[in-house]
Every structure is written in structure tokens, then in C-alpha cells.
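Just below is one structure, and these are the notes that go with it.
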Amino acid sequence: MTPTSESSACNEDHATATGLPGPSAAFPIAPDDASRRQLMAWQSEYGDLFAVPSSNGGLAHWIVNDPALAQQVLVRQAGSYAKGMGLDRVRLLLGNGIMVSESDFWARQRRMLQPAFRPRALSDVNAMILEENMALAERWKDAADGGGSIEAESHASELTLVIVLKSIFGTDYPRLVEGGANPFALLTEEPERNLRFAARFHRLKQTVDAIIGRRLAERPHESFDFLGHLLAARSRDGDPMSRSAIVDEVMTLIVAGHETTASALAFAWYLIASHPEVCARMQSEVDTVDESLLRETGGAERETLAYTDRVVAEVLRLYPPGWLLSRRALVDQPLGDHLIPAGTQVFISPYLLQRHPGYWRAPARFDPDRFAREDEPRHRLAYLPFAAGPRHCIGEHLAATEMRVHLATLLRRFTPTWLGDDEPAIESAINLRPASGIYLQLTAR
Ligand code: HEM
């Protein structure tokens, strides 16, 4: 982007005022490809903390690539930062749901949602996750028998959508898809997250509200799905969530839980299928695990699927779906040796930190065993696919179960071969995802 000479001069003043290195021309940092590429180039040039003049003439944006500083923003001083402008598009979709809400309201909602995400509460969904994967395995069998290929990202997207919807609506799921069409399918069919998408998505709130109405009228105390938990939740004062807050939280869980997990699985298939030695090791591990264990516990015991878990961790290191975190400083405060002014937008990229040569050995290499070594990463916050601190991902355990059970179920039955030559092109929108699908040849085992 080429700034005008007037805005350039003005922005140089802002950049200089920060005392940080950085480019002199303004740049609109956003969750998009241009920003990812530009941030990578600037990291090599300006290092672990730099400033970029804002394209709207306001305070310069700060880019943090230092894990200790990321820890300060996300964990130690989390209360002095709010979510930043990188979530503007998400706000449009999610109203005041937990992903974007702030301060006391956020804390109250988080406290009320948290119990539904504890591993013990989630044990009810393990069987459903396994069933959905077994149904997918039947589709893969047809493809393998016919000698054809599959596109893994669309399959992962359909799978994770059904899983998140069934986790939320439980036995009301059939009502949602009455008439044979899943109204939320637009999440898998429509890749753009623009205003047109937001308008269509908002209409789905009425569908969710209608299901809540019927649940309240018929069986308000059913509590083994997320909706049941939300209806039963009480604040410290004993108050229930308002109905519109429940709708916002349901919409948030659908969006936050669906595409992130689908992208991670799509990249997992690319990496596994293009590394036959990793695939073979995973298969020899998953072959030892009893299906009933996946059904009961999701295979979450420490050593059961240890190598599979390392593969998942390594996939999320190389391709973190939430690749750009954004925060806004609420007050003037120190950040490292500098003073960050109130109102400054701060960007922290898990994508950059998780490929930072100062904290990872051969960072571009796909090497799941790095997670078995004690000295890697060299700083805990150099690995943050689920963020860190009070606003870390509430669905981490659910996502880990989904990924483990999916890979275990399908690798027991199939060997995938990657049909591309190079690394797939990446699209860096709100989530990082493959730009044009992951094509695999399947061989039944
Ligand atoms: C591989 C899958 C997933 C990844 C990589 C992921 C990543 C993240 C990240 C990085 C954040 C922090 C965003 C920020 O600080 O701006 C986050 C927050 C969140 N995630 Fe996930 N997520 C995943 C799956 C899920 C699932 C399955 C659910 C629920 C069904 C979920 C629900 C949420 C919610 C509600 C928040 C907001 C938490 C808060 O602000 O208190 N996520 N996730």
C-alpha cells in the first residue's frame, strides 16, 4: 500500500514517537494475507518489538514477537488490555458473546460457561464424536473402494460443524435440521466473512431463539448439552443468563468451535499425508487403542495416544488457526522497557512466534517429536495456539478430543497420500486455512 506524502509524514511522527523500530509508511494491519506476509518480512527486519504507523492516522500499532512481552500482555497485565481491532469483523457476527465481550460482563459469562467445558462435563460428547467419525469413515470407504480422491477440508468442516451443533443442542439437533437442511451449513458453504454473510448469519439467531423457547417450555432442566448448561447457569448473585445473552453465546460457540477445528484438521491431513513416516508411526499407535476407550474418554489419558497428541500439537504450531491475536491497551503502562500509551493496538501472532528461530529448532520442519524434548520451546509463550491467560480458548479440551478421535478413527482404517506437490497455499483471514482444499488419495488398510 502506498501512503500519500502527507499521511506518510504524519505517520512517521507517530512511529518515531513510540521510540520503537519499524517502517515509516502506514499499513492497515488486519487478519488478511497481505498483513501476514508483511509481518513476517518486518519481523526479520525489525525484530521482536516494533511499531507500524496506523493507516487512519491514530496511534502506531505495536507488534509483539517476544514471548515474555506476549506473556505480559496476555497473562500478567491481561486486565489492562481489551480485545483489539483485529476482532472488529468478529464483533459484527457475535454480538456481545464471550469472544468479544469485556470486563465484568465477560468475567460473569466466562464463569457461567466454564463448567460446561470441564473434561468431566465433556465426557458426554465423546461417544457422539466417535459416532460422527465412524460415519465419515464409511464415506471415506466408498471413496477408497472407488479408487477416487477426497477433499479433506470440506469433510473436516462438515464434521466439526455437526459436532459443535450436537454438543450445543443435544437431542434438539434433529429440530435444527428439520426438513433435511442444516441452516448452519452456510458456515461451510460460504467462505467469506463479509457483511452479506453477517446478515445471513444474524437471521439464524431467530432459529436458535426458537429452539431455546421450545426447550424452556418442554424440559428446561436437561443439562447434558451446552444449551442445558447455559440455561441452568447462575451468576454469583443467583441470576440466570438473559435469553439474548444465551443466543449470543450459542452463536459464539458455533463460530469459534467450528472453523478453527476444521482448519487444524485440514492442515493435519496435509502434514500427515505428506510425511509417510509420521503416518506409519501414528497408525502403529492408534492400532493399539481400543475403540471403547475413544468412546468413553476420547483417548485423553496421558500416554494412550501420546504420539498422536504430539502430531496435533505440531500441526497447531505450524498452522495455528487463530494466527493473529489483537489487544488494545486500556491505560498508559510499561511494556518491556517502553511505555505503551492507552489506546494503542497490540498485535501478537502465534504464527510468527511459533516459527521464531530464537525459540524453536529448525522451525519450518514438521517434527512432532520436538514436543517430547524438554528444551523446546525455549519459552512457554512461544507456543500459544489457544492463546494464554484469562482469555485463552475455552474449547481447548473439546478441540483436542475432536482432533485426536478424528485422526485415530480414520488412520485405523485408511492410509492417506497427499496429491499436491508443494505446501498448500494458505488463506489468512480471521482463521488460517488452506486456500484451495486438501486433496488426498485414500488406501483402505
Ligand atoms: C483447534 C481448535 C481451536 C483453536 C486453535 C482455538 C483458538 C482460540 C484462540 C487463539 C482464542 C483466543 C482468541 C483471542 O484471544 O483473541 C480462542 C478463544 C475462544 N475459543 Fe477457541 N479455538 C479452537 C476451538 C474452539 C472450540 C471447539 C470452541 C468451543 C466450542 C472454542 C471456543 C472459544 C471461545 C468461546 C473463545 C473466547 C474465550 C474468551 O474470550 O473468554 N474454541 N480460541
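Residue numbering restarts at 1 in every chain; chains get A, B, ... in the order shown in the C-alpha cells, and ligands count up from 1 in that same order.
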
Residues within 9 Å of A:Phe169, please, as a list in words. Count only C-alpha atoms; anything in the same chain fewer than 5 positions from it doesn't count.
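Those residues are Val164, Pro174, Leu176, Ile211, Asp225, Phe226, Leu227 and Gly228 of chain A.
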
May I have the residues within 7 Å of ligand 1, computed using only C-alpha atoms and all ligand atoms, as a ChimeraX atom specification?
/A:83,98-100,110,164,252-254,256-258,260-261,264,316,320-322,325-326,385-387,390-396,398-400

Neighbour list for A:Ala435 as a VMD selection string, cut-off 6 Å, only C-alpha atoms, skip fewer than 2 positions in-chain:
chain A and resid 425 to 427

Writing out the chosen residues with C-alpha atoms as a PDB file, in the first residue's frame:
```
ATOM      1  CA  ALA A 425      -1.487 -22.115  -0.382  1.00  0.00           C
ATOM      2  CA  ILE A 426      -2.692 -20.507   2.829  1.00  0.00           C
ATOM      3  CA  GLU A 427      -5.521 -18.066   3.295  1.00  0.00           C
TER       4      GLU A 427
END
```

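Selecting strand (DSSP E or B) from the backbone DSSP output for stretch 14-215 of chain A yields Leu49, Phe50, Ala51, Val52, His61, Trp62, Ile63, Val64, Tyr81, Ala82, Lys83, Ser149, Ile150 and Glu151 of chain A.
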
Just write the chosen residues, N, CA and C atoms, as a JSON list (two decimals), in the first residue's frame.
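Once everything was written out, this is out_28.json:
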```
[["chain", "number", "residue", "atom", "x", "y", "z"],
["A", 49, "LEU", "N", 9.97, -6.49, 18.72],
["A", 49, "LEU", "CA", 9.00, -5.46, 19.13],
["A", 49, "LEU", "C", 9.17, -4.28, 18.19],
["A", 50, "PHE", "N", 8.17, -3.99, 17.40],
["A", 50, "PHE", "CA", 8.28, -2.85, 16.50],
["A", 50, "PHE", "C", 6.92, -2.16, 16.36],
["A", 51, "ALA", "N", 6.95, -0.96, 15.78],
["A", 51, "ALA", "CA", 5.71, -0.19, 15.63],
["A", 51, "ALA", "C", 5.44, 0.07, 14.16],
["A", 52, "VAL", "N", 4.17, 0.08, 13.81],
["A", 52, "VAL", "CA", 3.76, 0.33, 12.43],
["A", 52, "VAL", "C", 2.77, 1.50, 12.46],
["A", 61, "HIS", "N", 0.57, 1.11, 15.68],
["A", 61, "HIS", "CA", 0.28, -0.22, 16.22],
["A", 61, "HIS", "C", 1.58, -0.87, 16.67],
["A", 62, "TRP", "N", 1.53, -1.61, 17.77],
["A", 62, "TRP", "CA", 2.72, -2.30, 18.27],
["A", 62, "TRP", "C", 2.62, -3.79, 17.92],
["A", 63, "ILE", "N", 3.74, -4.31, 17.41],
["A", 63, "ILE", "CA", 3.77, -5.74, 17.06],
["A", 63, "ILE", "C", 4.73, -6.43, 18.02],
["A", 64, "VAL", "N", 4.21, -7.43, 18.74],
["A", 64, "VAL", "CA", 4.99, -8.12, 19.77],
["A", 64, "VAL", "C", 5.35, -9.53, 19.29],
["A", 81, "TYR", "N", -5.63, -4.71, 29.28],
["A", 81, "TYR", "CA", -5.83, -4.75, 27.83],
["A", 81, "TYR", "C", -7.23, -5.27, 27.52],
["A", 82, "ALA", "N", -7.85, -4.70, 26.47],
["A", 82, "ALA", "CA", -9.12, -5.24, 25.96],
["A", 82, "ALA", "C", -8.84, -5.91, 24.63],
["A", 83, "LYS", "N", -9.81, -6.63, 24.09],
["A", 83, "LYS", "CA", -9.65, -7.19, 22.75],
["A", 83, "LYS", "C", -9.49, -6.03, 21.76],
["A", 149, "SER", "N", -10.35, -39.75, -5.07],
["A", 149, "SER", "CA", -9.70, -38.93, -4.06],
["A", 149, "SER", "C", -10.77, -38.20, -3.25],
["A", 150, "ILE", "N", -10.36, -37.62, -2.12],
["A", 150, "ILE", "CA", -11.29, -36.80, -1.34],
["A", 150, "ILE", "C", -10.66, -35.43, -1.08],
["A", 151, "GLU", "N", -11.51, -34.49, -0.75],
["A", 151, "GLU", "CA", -11.01, -33.16, -0.36],
["A", 151, "GLU", "C", -11.26, -33.08, 1.15]]
```

Just the residues within 8 Å of A:Pro23, please, counting only C-alpha atoms, with nothing from its chain fewer than 2 positions along; format it as a ChimeraX atom specification.
/A:15,21,25-26,42,51-53

Output C-alpha atoms for every residue in the selection just made, as a compact mmCIF listing (two decimals), in the first residue's frame.
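Printed below is again03.txt as written:
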```
# COMPACT_ATOMS: atom_id res chain seq x y z
CA ALA A 15 6.22 5.85 14.60
CA PRO A 21 11.95 0.48 15.26
CA ALA A 25 4.82 4.17 5.96
CA ALA A 26 1.39 3.36 7.28
CA TRP A 42 9.07 -6.92 9.22
CA ALA A 51 5.71 -0.19 15.63
CA VAL A 52 3.76 0.33 12.43
CA PRO A 53 2.14 3.69 11.72
```

Shell around stretch 122-134 of chain A at 10 Å using only C-alpha atoms, local window under 4 positions removed, as a PyMOL selection string
chain A and resi 115-118+138-140+156+159-160+162-164+166-168+170+224-226+291-299+397-398+401-403+405-410

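Here atom CA of A:Ile212 and atom CA of A:Leu161 stand 19.1 Å from one another.
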
Cut-off 8 Å: closest stretch 40-137 of chain A/stretch 230-248 of chain A atom pairs per residue, using only C-alpha atoms, as CSV:
```
residue,atom,partner,partner_atom,distance
A:Leu94,CA,A:Asp248,CA,6.0
A:Gly95,CA,A:Asp248,CA,6.0
A:Asn96,CA,A:Asp248,CA,6.3
A:Gly97,CA,A:Asp248,CA,4.8
A:Arg108,CA,A:Ser235,CA,6.6
A:Arg111,CA,A:Ser235,CA,7.8
A:Met112,CA,A:Ala233,CA,5.5
A:Leu113,CA,A:Leu230,CA,6.7
```

Smallest atom-to-atom distance to A:Arg365: which of A:Arg413, A:Arg302, A:His275, A:Arg433, using only C-alpha atoms?
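Closest to A:Arg365, using only C-alpha atoms: A:His275.
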
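Residues within 10 Å of A:Gln77, counting only C-alpha atoms and excluding same-chain residues fewer than 2 positions away, are Ala70, Gln71, Gln72, Val73, Leu74, Val75, Gly79, Ser80, Tyr81, Ala329, Gln333, Pro334, Leu335 and Gly389 of chain A.
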
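Distance check against A:Thr415 using only C-alpha atoms: of A:Pro28, A:Pro377, A:Pro276, A:Gly57, the minimum falls on A:Pro276.
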
Based on the backbone DSSP call, show me all residues of stretch 198-323 of chain A assigned alpha helix (DSSP H), as JSON, numbers by chain.
{"A": [198, 199, 200, 201, 202, 203, 204, 205, 206, 207, 208, 209, 210, 211, 212, 213, 214, 215, 216, 217, 218, 226, 227, 228, 229, 230, 231, 232, 243, 244, 245, 246, 247, 248, 249, 250, 251, 252, 253, 254, 255, 256, 257, 258, 259, 260, 261, 262, 263, 264, 265, 266, 267, 268, 269, 270, 271, 272, 273, 276, 277, 278, 279, 280, 281, 282, 283, 284, 285, 286, 291, 292, 293, 294, 295, 296, 297, 306, 307, 308, 309, 310, 311, 312, 313, 314, 315, 316, 317, 318]}

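For A:Cys279, the residues within 10 Å (counting only C-alpha atoms, excluding itself and residues fewer than 4 positions away along the chain) are Trp269, Leu271, Ile272, Ala273, Ser274, His275, Gln283, Ser284, Glu285, Thr308, Val311, Leu411, Thr415, Pro416 and Thr417 of chain A.
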
Write a file of the just-selected residues containing N, CA and C atoms, as a PDB file, in the first residue's frame.
```pdb
ATOM      1  N   TRP A 269      -4.156 -33.231   7.928  1.00  0.00           N
ATOM      2  CA  TRP A 269      -4.153 -34.232   6.850  1.00  0.00           C
ATOM      3  C   TRP A 269      -3.061 -33.941   5.829  1.00  0.00           C
ATOM      4  N   LEU A 271      -0.172 -32.512   6.425  1.00  0.00           N
ATOM      5  CA  LEU A 271       1.140 -32.846   7.001  1.00  0.00           C
ATOM      6  C   LEU A 271       1.317 -34.356   7.175  1.00  0.00           C
ATOM      7  N   ILE A 272       0.270 -35.021   7.621  1.00  0.00           N
ATOM      8  CA  ILE A 272       0.376 -36.473   7.832  1.00  0.00           C
ATOM      9  C   ILE A 272       0.539 -37.189   6.490  1.00  0.00           C
ATOM     10  N   ALA A 273      -0.274 -36.787   5.507  1.00  0.00           N
ATOM     11  CA  ALA A 273      -0.238 -37.477   4.213  1.00  0.00           C
ATOM     12  C   ALA A 273       1.061 -37.201   3.463  1.00  0.00           C
ATOM     13  N   SER A 274       1.694 -36.079   3.753  1.00  0.00           N
ATOM     14  CA  SER A 274       2.944 -35.781   3.039  1.00  0.00           C
ATOM     15  C   SER A 274       4.174 -36.237   3.840  1.00  0.00           C
ATOM     16  N   HIS A 275       3.959 -36.872   4.997  1.00  0.00           N
ATOM     17  CA  HIS A 275       5.061 -37.416   5.797  1.00  0.00           C
ATOM     18  C   HIS A 275       4.737 -38.879   6.148  1.00  0.00           C
ATOM     19  N   GLN A 283      -0.188 -44.692  12.881  1.00  0.00           N
ATOM     20  CA  GLN A 283      -1.021 -45.884  12.690  1.00  0.00           C
ATOM     21  C   GLN A 283      -0.636 -46.996  13.667  1.00  0.00           C
ATOM     22  N   SER A 284       0.666 -47.156  13.908  1.00  0.00           N
ATOM     23  CA  SER A 284       1.018 -48.234  14.840  1.00  0.00           C
ATOM     24  C   SER A 284       0.556 -47.873  16.255  1.00  0.00           C
ATOM     25  N   GLU A 285       0.447 -46.597  16.569  1.00  0.00           N
ATOM     26  CA  GLU A 285      -0.068 -46.213  17.892  1.00  0.00           C
ATOM     27  C   GLU A 285      -1.593 -46.383  17.948  1.00  0.00           C
ATOM     28  N   THR A 308       0.195 -39.266  18.742  1.00  0.00           N
ATOM     29  CA  THR A 308      -0.872 -38.554  18.009  1.00  0.00           C
ATOM     30  C   THR A 308      -1.040 -37.143  18.583  1.00  0.00           C
ATOM     31  N   VAL A 311       1.648 -34.960  17.323  1.00  0.00           N
ATOM     32  CA  VAL A 311       1.408 -34.554  15.930  1.00  0.00           C
ATOM     33  C   VAL A 311       0.414 -33.386  15.906  1.00  0.00           C
ATOM     34  N   LEU A 411      -7.269 -43.030  10.767  1.00  0.00           N
ATOM     35  CA  LEU A 411      -5.979 -43.663  10.449  1.00  0.00           C
ATOM     36  C   LEU A 411      -5.995 -45.165  10.728  1.00  0.00           C
ATOM     37  N   THR A 415      -4.878 -45.195   4.782  1.00  0.00           N
ATOM     38  CA  THR A 415      -3.593 -44.511   4.640  1.00  0.00           C
ATOM     39  C   THR A 415      -3.775 -43.417   3.589  1.00  0.00           C
ATOM     40  N   PRO A 416      -3.543 -42.149   3.989  1.00  0.00           N
ATOM     41  CA  PRO A 416      -3.736 -41.062   3.025  1.00  0.00           C
ATOM     42  C   PRO A 416      -2.451 -40.753   2.253  1.00  0.00           C
ATOM     43  N   THR A 417      -2.584 -40.373   1.005  1.00  0.00           N
ATOM     44  CA  THR A 417      -1.432 -39.878   0.233  1.00  0.00           C
ATOM     45  C   THR A 417      -1.764 -38.470  -0.238  1.00  0.00           C
TER      46      THR A 417
END
```

Counting only C-alpha atoms, the residue among A:Ala266, A:Ser24, A:Glu249, A:Phe197 that lies closest to A:Asp209 is A:Glu249

Just the number, please: distance in Å from atom CA of A:Leu165 to atom CA of A:Ala210, one decimal.
15.1 Å

Could you tell me how far atom CA of A:Trp323 sits from atom CA of A:Gln109, in Å to one decimal place?
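About the pair atom CA of A:Gln109 and atom CA of A:Trp323: they are 24.8 Å apart.
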